[in-house]
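Shown next: coords_34.txt, given as compact mmCIF, C-alpha atoms.
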```txt
# COMPACT_ATOMS: atom_id res chain seq x y z
CA GLU A 1 -212.44 57.72 43.62
CA VAL A 2 -212.30 55.37 46.64
CA ILE A 3 -212.16 51.93 45.31
CA LEU A 4 -211.97 50.13 48.74
CA PRO A 5 -213.16 52.34 51.57
CA GLN A 6 -211.44 51.98 55.02
CA GLU A 7 -213.58 50.87 57.87
CA VAL A 8 -213.24 52.29 61.40
CA ILE A 9 -211.90 49.76 63.91
CA PRO A 10 -212.97 50.45 67.49
CA ALA A 11 -210.26 51.11 70.21
CA TRP A 12 -209.40 48.05 72.28
CA GLY A 13 -209.64 49.86 75.57
CA HIS A 14 -206.99 49.57 78.36
CA ASN A 15 -206.19 46.23 79.98
CA GLU A 16 -205.95 47.54 83.53
CA VAL A 17 -203.69 45.74 86.02
CA THR A 18 -203.14 46.65 89.69
CA ASP A 19 -199.93 48.12 91.05
CA GLU A 20 -199.76 46.70 94.60
CA ALA A 21 -199.42 49.06 97.51
CA VAL A 22 -196.03 49.16 99.33
CA GLU A 23 -196.20 49.58 103.09
CA PRO A 24 -193.86 52.23 104.47
CA THR A 25 -191.24 51.18 107.09
CA CYS A 26 -189.51 53.12 109.86
CA THR A 27 -186.87 54.33 107.42
CA GLU A 28 -188.31 53.72 103.90
CA THR A 29 -191.28 55.44 102.14
CA GLY A 30 -194.25 53.41 100.84
CA LEU A 31 -196.75 53.65 97.92
CA SER A 32 -200.54 53.53 97.72
CA GLN A 33 -202.26 51.01 95.45
CA GLY A 34 -202.46 52.10 91.78
CA SER A 35 -202.97 50.63 88.27
CA HIS A 36 -201.71 50.82 84.68
CA CYS A 37 -202.45 49.31 81.30
CA SER A 38 -200.58 46.14 80.63
CA ILE A 39 -200.67 46.83 76.86
CA CYS A 40 -199.62 50.43 76.57
CA ASN A 41 -198.32 50.96 80.14
CA GLU A 42 -200.42 54.08 80.54
CA ILE A 43 -200.88 54.88 84.23
CA ILE A 44 -204.52 54.69 85.03
CA LEU A 45 -204.43 55.26 88.83
CA PRO A 46 -201.20 56.91 89.96
CA GLN A 47 -199.55 55.51 93.18
CA GLU A 48 -199.13 58.12 95.89
CA LEU A 49 -195.97 58.33 98.02
CA ILE A 50 -196.50 57.41 101.68
CA PRO A 51 -193.90 58.91 104.09
CA ALA A 52 -191.65 56.65 106.24
CA ARG A 53 -193.16 56.13 109.71
CA GLY A 54 -189.95 56.78 111.70
CA HIS A 55 -188.71 54.68 114.62
CA ASN A 56 -190.76 54.15 117.77
CA GLU A 57 -187.85 54.36 120.22
CA VAL A 58 -188.08 52.49 123.53
CA THR A 59 -185.49 52.37 126.33
CA ASP A 60 -183.41 49.30 127.14
CA GLU A 61 -182.87 49.59 130.90
CA ALA A 62 -179.35 49.56 132.32
CA VAL A 63 -178.29 46.40 134.18
CA GLU A 64 -176.07 46.95 137.21
CA PRO A 65 -173.05 44.60 137.37
CA THR A 66 -172.78 42.30 140.40
CA CYS A 67 -169.91 40.42 142.00
CA THR A 68 -170.49 37.46 139.69
CA GLU A 69 -172.42 38.84 136.66
CA LYS A 70 -171.57 41.46 134.03
CA GLY A 71 -173.80 44.58 133.59
CA LEU A 72 -175.04 46.77 130.70
CA THR A 73 -175.36 50.52 130.15
CA GLU A 74 -178.75 52.04 129.19
CA GLY A 75 -179.62 51.77 125.48
CA SER A 76 -182.65 51.92 123.13
CA HIS A 77 -184.24 50.18 120.14
CA CYS A 78 -187.25 50.62 117.82
CA ALA A 79 -190.37 48.86 119.09
CA ILE A 80 -191.60 48.36 115.49
CA CYS A 81 -188.61 47.10 113.54
CA GLY A 82 -186.29 46.13 116.40
CA GLU A 83 -183.36 48.15 115.08
CA VAL A 84 -180.87 49.10 117.82
CA ILE A 85 -180.70 52.86 118.10
CA THR A 86 -178.34 53.24 121.10
CA PRO A 87 -176.25 50.12 121.74
CA GLN A 88 -175.81 48.90 125.32
CA ALA A 89 -172.17 48.67 126.43
CA GLU A 90 -171.02 45.72 128.58
CA LEU A 91 -169.82 46.49 132.12
CA SER A 92 -167.28 44.25 133.85
CA ARG A 93 -168.41 42.32 136.92
CA LEU A 94 -167.34 43.81 140.24
CA TYR A 95 -165.86 40.70 141.89
CA HIS A 96 -166.22 40.02 145.61
CA ASN A 97 -164.76 42.44 148.12
CA TRP A 98 -163.82 40.12 150.98
CA GLN A 99 -163.64 41.25 154.58
CA LEU A 100 -162.80 39.16 157.62
CA THR A 101 -165.89 39.42 159.84
CA THR A 102 -165.26 36.87 162.60
CA SER A 103 -162.18 34.95 163.60
CA THR A 104 -161.49 32.20 166.13
CA PRO A 105 -157.76 31.36 166.32
CA ALA A 106 -156.67 27.76 166.05
CA THR A 107 -155.30 26.18 169.20
CA CYS A 108 -152.80 23.40 169.64
CA THR A 109 -155.59 20.79 169.45
CA GLU A 110 -158.57 22.54 167.81
CA SER A 111 -159.08 23.98 164.33
CA GLY A 112 -159.68 27.71 164.02
CA SER A 113 -162.48 29.51 162.16
CA GLU A 114 -162.27 32.55 159.86
CA ARG A 115 -165.46 33.91 158.26
CA TYR A 116 -164.98 36.09 155.17
CA GLU A 117 -167.96 38.08 153.81
CA CYS A 118 -168.37 40.20 150.67
CA ASN A 119 -169.47 43.69 151.72
CA ARG A 120 -171.32 44.14 148.41
CA CYS A 121 -173.43 41.01 148.00
CA GLY A 122 -173.28 39.34 151.40
CA TYR A 123 -171.89 36.02 150.13
CA TYR A 124 -169.51 34.44 152.63
CA TYR A 125 -167.27 31.45 153.16
CA VAL A 126 -165.50 29.98 156.18
CA GLU A 127 -161.89 28.82 156.39
CA ARG A 128 -160.79 26.45 159.15
CA PRO A 129 -157.03 26.65 159.85
CA ASP A 130 -155.54 23.37 161.04
CA PRO A 131 -154.66 22.89 164.71
CA LEU A 132 -151.23 24.32 165.51
CA GLY A 133 -149.98 21.23 167.32
CA HIS A 134 -148.01 21.47 170.54
CA HIS A 135 -144.58 23.11 170.38
CA PHE A 136 -142.69 21.92 173.43
CA ASP A 137 -139.81 24.25 174.22
CA GLU A 138 -139.33 23.77 177.97
CA TYR A 139 -138.60 20.54 179.80
CA LEU A 140 -138.81 20.37 183.60
CA ASN A 141 -136.73 17.64 185.22
CA GLN A 142 -138.97 15.51 187.46
CA LEU A 143 -135.89 13.77 189.00
CA ASP A 144 -137.42 10.33 188.38
CA GLY A 145 -136.42 9.62 184.80
CA THR A 146 -139.22 11.73 183.39
CA HIS A 147 -139.66 15.38 182.53
CA MET A 148 -142.63 17.69 182.10
CA ALA A 149 -142.67 19.01 178.53
CA ILE A 150 -144.29 22.48 178.45
CA CYS A 151 -145.92 23.78 175.28
CA GLY A 152 -144.74 27.29 174.46
CA ILE A 153 -148.13 28.13 172.92
CA CYS A 154 -150.75 26.87 175.37
CA ASP A 155 -148.56 26.14 178.44
CA GLN A 156 -150.03 22.64 178.61
CA GLY A 157 -147.69 20.09 180.16
CA SER A 158 -147.09 16.48 179.21
CA VAL A 159 -145.04 13.97 181.18
CA GLU A 160 -142.49 12.12 179.04
CA ASN A 161 -139.73 9.65 179.68
CA CYS A 162 -136.29 11.20 179.57
CA GLN A 163 -134.32 10.56 176.40
CA LEU A 164 -130.94 9.48 177.69
CA ASN A 165 -127.72 9.74 175.75
CA ALA A 166 -124.67 8.42 177.56
CA GLY A 167 -126.60 8.77 180.80
CA ILE A 168 -127.79 12.37 180.21
CA CYS A 169 -131.19 13.60 179.02
CA MET A 170 -130.34 16.24 176.42
CA LEU A 171 -133.73 17.93 176.99
CA CYS A 172 -133.96 18.40 180.76
CA GLY A 173 -130.46 17.50 182.04
CA TYR A 174 -131.53 14.48 184.08
CA THR A 175 -128.51 12.23 184.61
CA VAL A 176 -128.00 8.64 185.62
CA GLU A 177 -124.78 6.93 186.53
CA VAL A 178 -123.16 5.35 183.50
CA PRO A 179 -121.32 2.09 184.14
CA GLU A 180 -117.62 2.79 184.57
CA GLU A 181 -116.71 -0.11 182.32
CA ILE A 182 -116.85 1.08 178.74
CA LEU A 183 -116.48 -1.66 176.17
CA ILE A 184 -113.64 -0.91 173.80
CA LEU A 185 -112.13 -3.04 171.06
CA TYR A 186 -108.64 -2.22 169.86
CA PRO A 187 -107.82 -3.46 166.37
CA ILE A 188 -104.21 -2.34 166.92
CA GLU A 189 -100.87 -4.10 166.63
CA ALA A 190 -100.54 -7.38 168.52
CA SER A 191 -97.75 -5.97 170.65
CA GLU A 192 -100.27 -3.66 172.33
CA ASN A 193 -103.33 -4.74 174.27
CA SER A 194 -106.27 -3.11 175.98
CA ALA A 195 -104.89 -3.84 179.42
CA ASP A 196 -102.14 -1.26 178.81
CA LEU A 197 -104.58 1.45 177.63
CA LEU A 198 -107.19 3.58 179.38
CA LEU A 199 -109.95 5.50 177.58
CA GLU A 200 -111.29 8.61 179.32
CA ILE A 201 -114.58 10.18 178.23
CA THR A 202 -115.58 13.53 179.73
CA ASP A 203 -118.41 15.92 178.89
CA LYS A 204 -117.55 19.21 177.22
CA ALA A 205 -119.38 22.43 177.99
CA LYS A 206 -121.04 24.09 174.99
CA GLU A 207 -119.30 27.42 175.58
CA SER A 208 -115.92 25.75 175.08
CA LEU A 209 -116.82 24.59 171.56
CA PRO A 210 -115.87 26.45 168.34
CA GLU A 211 -118.53 28.40 166.44
CA ALA A 212 -119.13 25.56 163.96
CA ALA A 213 -120.20 23.27 166.81
CA GLN A 214 -122.38 25.67 168.82
CA LYS A 215 -125.56 23.80 167.86
CA ALA A 216 -124.27 20.56 169.36
CA ARG A 217 -126.83 18.48 171.24
CA HIS A 218 -124.08 16.69 173.16
CA ALA A 219 -120.30 16.95 173.31
CA PHE A 220 -117.64 14.74 174.86
CA GLN A 221 -113.87 14.47 174.84
CA LEU A 222 -112.21 11.16 174.11
CA THR A 223 -108.68 10.73 175.50
CA LEU A 224 -106.55 7.61 175.16
CA LEU A 225 -103.93 7.10 177.90
CA LYS A 226 -101.05 4.64 178.02
CA ASP A 227 -99.07 4.37 181.23
CA GLY A 228 -100.70 7.63 182.37
CA ALA A 229 -99.65 9.60 179.29
CA GLU A 230 -101.92 10.68 176.42
CA THR A 231 -101.38 8.70 173.23
CA MET A 232 -102.92 8.25 169.82
CA PRO A 233 -104.30 5.01 168.39
CA GLN A 234 -101.80 3.21 166.21
CA ARG A 235 -104.64 2.04 163.98
CA GLY A 236 -108.43 2.42 163.92
CA LEU A 237 -110.01 2.51 167.37
CA THR A 238 -113.48 0.97 167.68
CA VAL A 239 -115.43 2.62 170.49
CA LYS A 240 -118.67 1.33 172.00
CA LEU A 241 -120.59 3.61 174.34
CA PRO A 242 -123.72 2.54 176.25
CA LEU A 243 -126.93 4.21 175.16
CA GLU A 244 -130.24 3.77 176.96
CA ASN A 245 -132.46 5.35 174.30
CA THR A 246 -131.62 5.78 170.61
CA ALA A 247 -134.40 8.32 169.95
CA PRO A 248 -132.27 11.42 170.81
CA LEU A 249 -129.79 10.48 168.06
CA GLU A 250 -132.31 10.51 165.24
CA GLY A 251 -131.27 13.12 162.66
CA LEU A 252 -127.88 13.77 164.36
CA GLN A 253 -124.37 13.50 162.92
CA LEU A 254 -121.32 12.53 164.93
CA MET A 255 -118.52 15.01 164.20
CA LEU A 256 -114.89 15.23 165.34
CA ILE A 257 -113.60 18.77 165.98
CA LEU A 258 -110.21 19.13 164.29
CA GLU A 259 -107.39 21.34 165.55
CA ASP A 260 -108.34 24.19 163.19
CA GLY A 261 -111.96 24.14 164.39
CA ALA A 262 -113.27 22.39 161.30
CA LEU A 263 -115.58 19.40 161.64
CA MET A 264 -115.05 15.90 160.29
CA GLU A 265 -117.97 13.49 160.14
CA ILE A 266 -117.58 10.15 161.90
CA GLU A 267 -119.91 7.37 160.83
CA TYR A 268 -121.60 5.53 163.67
CA GLU A 269 -124.12 2.77 164.23
CA ILE A 270 -126.46 1.69 166.99
CA GLN A 271 -125.78 -1.94 167.97
CA ASP A 272 -127.36 -3.67 170.94
CA GLY A 273 -127.95 -0.41 172.78
CA MET A 274 -124.46 0.89 172.04
CA ILE A 275 -123.14 3.79 169.99
CA VAL A 276 -120.44 2.21 167.84
CA PHE A 277 -117.89 4.17 165.83
CA ILE A 278 -114.33 3.81 164.59
CA THR A 279 -111.79 6.62 164.86
CA SER A 280 -108.09 6.97 164.31
CA GLN A 281 -108.02 10.21 166.28
CA THR A 282 -108.92 11.32 169.76
CA GLY A 283 -110.29 14.70 170.74
CA VAL A 284 -113.68 16.37 171.12
CA PHE A 285 -116.70 14.74 169.48
CA VAL A 286 -120.13 16.36 169.09
CA PHE A 287 -123.59 15.27 167.96
CA LEU A 288 -124.97 17.92 165.56
CA PRO A 289 -128.31 18.19 163.73
CA GLN A 290 -127.99 17.35 160.04
```
I need this file expressed as structure tokens, please.
Amino acid sequence: EVILPQEVIPAWGHNEVTDEAVEPTCTETGLSQGSHCSICNEIILPQELIPARGHNEVTDEAVEPTCTEKGLTEGSHCAICGEVITPQAELSRLYHNWQLTTSTPATCTESGSERYECNRCGYYYVERPDPLGHHFDEYLNQLDGTHMAICGICDQGSVENCQLNAGICMLCGYTVEVPEEILILYPIEASENSADLLLEITDKAKESLPEAAQKARHAFQLTLLKDGAETMPQRGLTVKLPLENTAPLEGLQLMLILEDGALMEIEYEIQDGMIVFITSQTGVFVFLPQ
């Protein structure tokens, strides 16, 4: 006997919720929209699988390198997602390939011109070498105290005053008479005096000089005579030689040639137009470039 009969309770029915669609990508599959019950999770509308779309490949054009800019090889990427499919490799720049196209040599007084052009891109630049400057290597004696200096490059001549040293121009050979009286001071013993001594100065030819003195600009022999016989100074001998122009002595050393051919430097000064030096020896003296 049923004391309390059961009553039928109606079904609730599903509480349907939407399962959102998933768009496919180039490499991933997607899903269509579906639904399920939020209470029992029963699938009401199944989601269908949507295949991946695949890449839409487009070409990345190659870029040729130039003299100043780098280049790229050809590559590709997807037009939809932008993913790089074939990477572009970097190409080194070419650099300029210079060629001398026109040239105007420099002269003694004018700058030159050298035009260099790249045979790939056409860019160019111009260099302007400095004037060479005259190089005088020949001096023509004008017999009037001047000489014509001739440039060995352009043959242009320039008249200059002779540069005299002891009456001789060391450039052209012009000579003038040197006063016979040569001022000499003798700081020697009181028993001797200059009246008893005679100083002879004679030019020496270059070919008679030892090898160490072959570059001499001027050479002379100093001889001290007493009663007609050669003698040596008892103490230091101060010699003063007339000099009309000090310019030829710039950068020159006064050297005494010793018996063994070696050279000994003699200090000298220019005082009141005179070459002044002190020596305790006689012999051959030369002016040499330093």
Quiz prompt | Shell around A:Ile257 at 8 Å using only C-alpha atoms, local window under 2 positions removed, as a PyMOL selection string | solution = chain A and resi 255+259+261-264+283-286
Practice problem: With a distance cut-off of 10 Å and only C-alpha atoms, select the neighbouring residues of stretch 12-22 of chain A, excluding the residue or stretch itself and same-chain residues fewer than 2 positions from it, and output the selection as number ranges by chain. | Solution: A: 9-10, 24-25, 29-50
Output file for the selection above: C-alpha atoms, as a tab-separated table (two decimals), keeping the file's coordinate frame:
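Here's the written file part.tsv:
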```tsv
chain	number	residue	atom	x	y	z
A	9	ILE	CA	-211.90	49.76	63.91
A	10	PRO	CA	-212.97	50.45	67.49
A	24	PRO	CA	-193.86	52.23	104.47
A	25	THR	CA	-191.24	51.18	107.09
A	29	THR	CA	-191.28	55.44	102.14
A	30	GLY	CA	-194.25	53.41	100.84
A	31	LEU	CA	-196.75	53.65	97.92
A	32	SER	CA	-200.54	53.53	97.72
A	33	GLN	CA	-202.26	51.01	95.45
A	34	GLY	CA	-202.46	52.10	91.78
A	35	SER	CA	-202.97	50.63	88.27
A	36	HIS	CA	-201.71	50.82	84.68
A	37	CYS	CA	-202.45	49.31	81.30
A	38	SER	CA	-200.58	46.14	80.63
A	39	ILE	CA	-200.67	46.83	76.86
A	40	CYS	CA	-199.62	50.43	76.57
A	41	ASN	CA	-198.32	50.96	80.14
A	42	GLU	CA	-200.42	54.08	80.54
A	43	ILE	CA	-200.88	54.88	84.23
A	44	ILE	CA	-204.52	54.69	85.03
A	45	LEU	CA	-204.43	55.26	88.83
A	46	PRO	CA	-201.20	56.91	89.96
A	47	GLN	CA	-199.55	55.51	93.18
A	48	GLU	CA	-199.13	58.12	95.89
A	49	LEU	CA	-195.97	58.33	98.02
A	50	ILE	CA	-196.50	57.41	101.68
```
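Compared by their closest atoms to A:Ile168, and using all atoms listed in the file, the residues A:Val239, A:Met274, A:Ala219, A:Val58 rank with A:Ala219 nearest.
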Quiz prompt | Close residues, A:Thr279 itself excluded, 6 Å, all atoms listed in the file, min 2 positions apart in chain, as JSON, numbers by chain | solution = {"A": [236, 237, 281]}
Practice problem: List every protein, DNA or RNA residue with an atom no more than 9 Å from (-178.2, 53.0, 124.9) in the file's coordinates, counting only C-alpha atoms, and format the result as number ranges by chain. | Solution: A: 59-62, 73-77, 84-89
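The residue that comes closest to A:Cys67, out of A:Tyr123, A:Tyr116, A:Phe277, A:Tyr268 and on the basis of only C-alpha atoms, is A:Tyr123.
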Quiz prompt | atom CA of A:Gly152 to atom CA of A:Gln253, distance in Å rounded to a single decimal | solution = 27.2 Å
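Distance-wise, atom CA of A:Met170 and atom CA of A:Met232 end up 29.3 Å apart.
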Within 9 Å of A:Glu64, counting only C-alpha atoms, which residues qualify if same-chain residues fewer than 4 places away don't, as a CSV table (one decimal) with C-alpha atoms, in the coordinates of the input?
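The result, stored in part_10.csv:
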```csv
chain,number,residue,atom,x,y,z
A,69,GLU,CA,-172.4,38.8,136.7
A,70,LYS,CA,-171.6,41.5,134.0
A,71,GLY,CA,-173.8,44.6,133.6
A,72,LEU,CA,-175.0,46.8,130.7
A,73,THR,CA,-175.4,50.5,130.2
A,91,LEU,CA,-169.8,46.5,132.1
A,93,ARG,CA,-168.4,42.3,136.9
```
Practice problem: Take the point (-147.1, 11.6, 175.1) as written in the file and pick out every residue within 12 Å of it, counting all atoms listed in the file; give the list as an NGL selection string. | Solution: :A and (134 or 136 or 146-150 or 156-162)
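For the pair atom CA of A:Thr104 and atom CA of A:Glu127, the interatomic distance is 10.3 Å.
Distances from A:Leu171, A:Tyr125, A:Gly228, A:Ile153 to A:Leu140 were compared using all atoms listed in the file, and the smallest one belongs to A:Leu171.
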N, CA and C atoms for stretch 94-119 of chain A, written as a short mmCIF file (atom, residue, chain, number, x, y, z; two decimals), in the coordinates of the input, could you do that?
```
data_model
loop_
_atom_site.label_atom_id
_atom_site.label_comp_id
_atom_site.auth_asym_id
_atom_site.auth_seq_id
_atom_site.Cartn_x
_atom_site.Cartn_y
_atom_site.Cartn_z
N LEU A 94 -168.05 43.09 139.19
CA LEU A 94 -167.34 43.81 140.24
C LEU A 94 -166.35 42.94 141.00
N TYR A 95 -166.61 41.65 141.06
CA TYR A 95 -165.86 40.70 141.89
C TYR A 95 -166.16 40.96 143.38
N HIS A 96 -165.95 39.91 144.18
CA HIS A 96 -166.22 40.02 145.61
C HIS A 96 -165.19 40.91 146.29
N ASN A 97 -165.64 41.63 147.28
CA ASN A 97 -164.76 42.44 148.12
C ASN A 97 -164.77 41.82 149.52
N TRP A 98 -163.79 40.91 149.76
CA TRP A 98 -163.82 40.12 150.98
C TRP A 98 -163.35 40.92 152.19
N GLN A 99 -164.05 40.69 153.30
CA GLN A 99 -163.64 41.25 154.58
C GLN A 99 -163.77 40.17 155.65
N LEU A 100 -162.75 40.11 156.51
CA LEU A 100 -162.80 39.16 157.62
C LEU A 100 -163.77 39.69 158.66
N THR A 101 -164.86 38.94 158.91
CA THR A 101 -165.89 39.42 159.84
C THR A 101 -165.76 38.81 161.22
N THR A 102 -165.46 37.52 161.30
CA THR A 102 -165.26 36.87 162.60
C THR A 102 -164.08 35.93 162.50
N SER A 103 -163.36 35.79 163.60
CA SER A 103 -162.18 34.95 163.60
C SER A 103 -162.02 34.28 164.95
N THR A 104 -161.82 32.97 164.93
CA THR A 104 -161.49 32.20 166.13
C THR A 104 -160.15 31.53 165.88
N PRO A 105 -159.09 31.93 166.60
CA PRO A 105 -157.76 31.36 166.32
C PRO A 105 -157.73 29.86 166.58
N ALA A 106 -156.91 29.18 165.80
CA ALA A 106 -156.67 27.76 166.05
C ALA A 106 -155.87 27.60 167.33
N THR A 107 -156.08 26.50 168.01
CA THR A 107 -155.30 26.18 169.20
C THR A 107 -154.39 25.00 168.88
N CYS A 108 -153.70 24.53 169.87
CA CYS A 108 -152.80 23.40 169.64
C CYS A 108 -153.57 22.15 169.22
N THR A 109 -154.82 22.02 169.70
CA THR A 109 -155.59 20.79 169.45
C THR A 109 -156.86 21.01 168.65
N GLU A 110 -157.31 22.25 168.49
CA GLU A 110 -158.57 22.54 167.81
C GLU A 110 -158.34 23.41 166.58
N SER A 111 -159.13 23.14 165.53
CA SER A 111 -159.08 23.98 164.33
C SER A 111 -159.62 25.37 164.63
N GLY A 112 -159.17 26.35 163.88
CA GLY A 112 -159.68 27.71 164.02
C GLY A 112 -160.85 27.94 163.06
N SER A 113 -161.36 29.16 163.04
CA SER A 113 -162.48 29.51 162.16
C SER A 113 -162.31 30.97 161.73
N GLU A 114 -162.36 31.19 160.41
CA GLU A 114 -162.27 32.55 159.86
C GLU A 114 -163.39 32.73 158.85
N ARG A 115 -164.31 33.67 159.14
CA ARG A 115 -165.46 33.91 158.26
C ARG A 115 -165.20 35.16 157.42
N TYR A 116 -165.19 34.98 156.09
CA TYR A 116 -164.98 36.09 155.17
C TYR A 116 -166.30 36.39 154.44
N GLU A 117 -166.69 37.68 154.43
CA GLU A 117 -167.96 38.08 153.81
C GLU A 117 -167.73 39.20 152.82
N CYS A 118 -168.44 39.14 151.67
CA CYS A 118 -168.37 40.20 150.67
C CYS A 118 -169.27 41.35 151.13
N ASN A 119 -168.68 42.55 151.23
CA ASN A 119 -169.47 43.69 151.72
C ASN A 119 -170.39 44.28 150.65
#
```
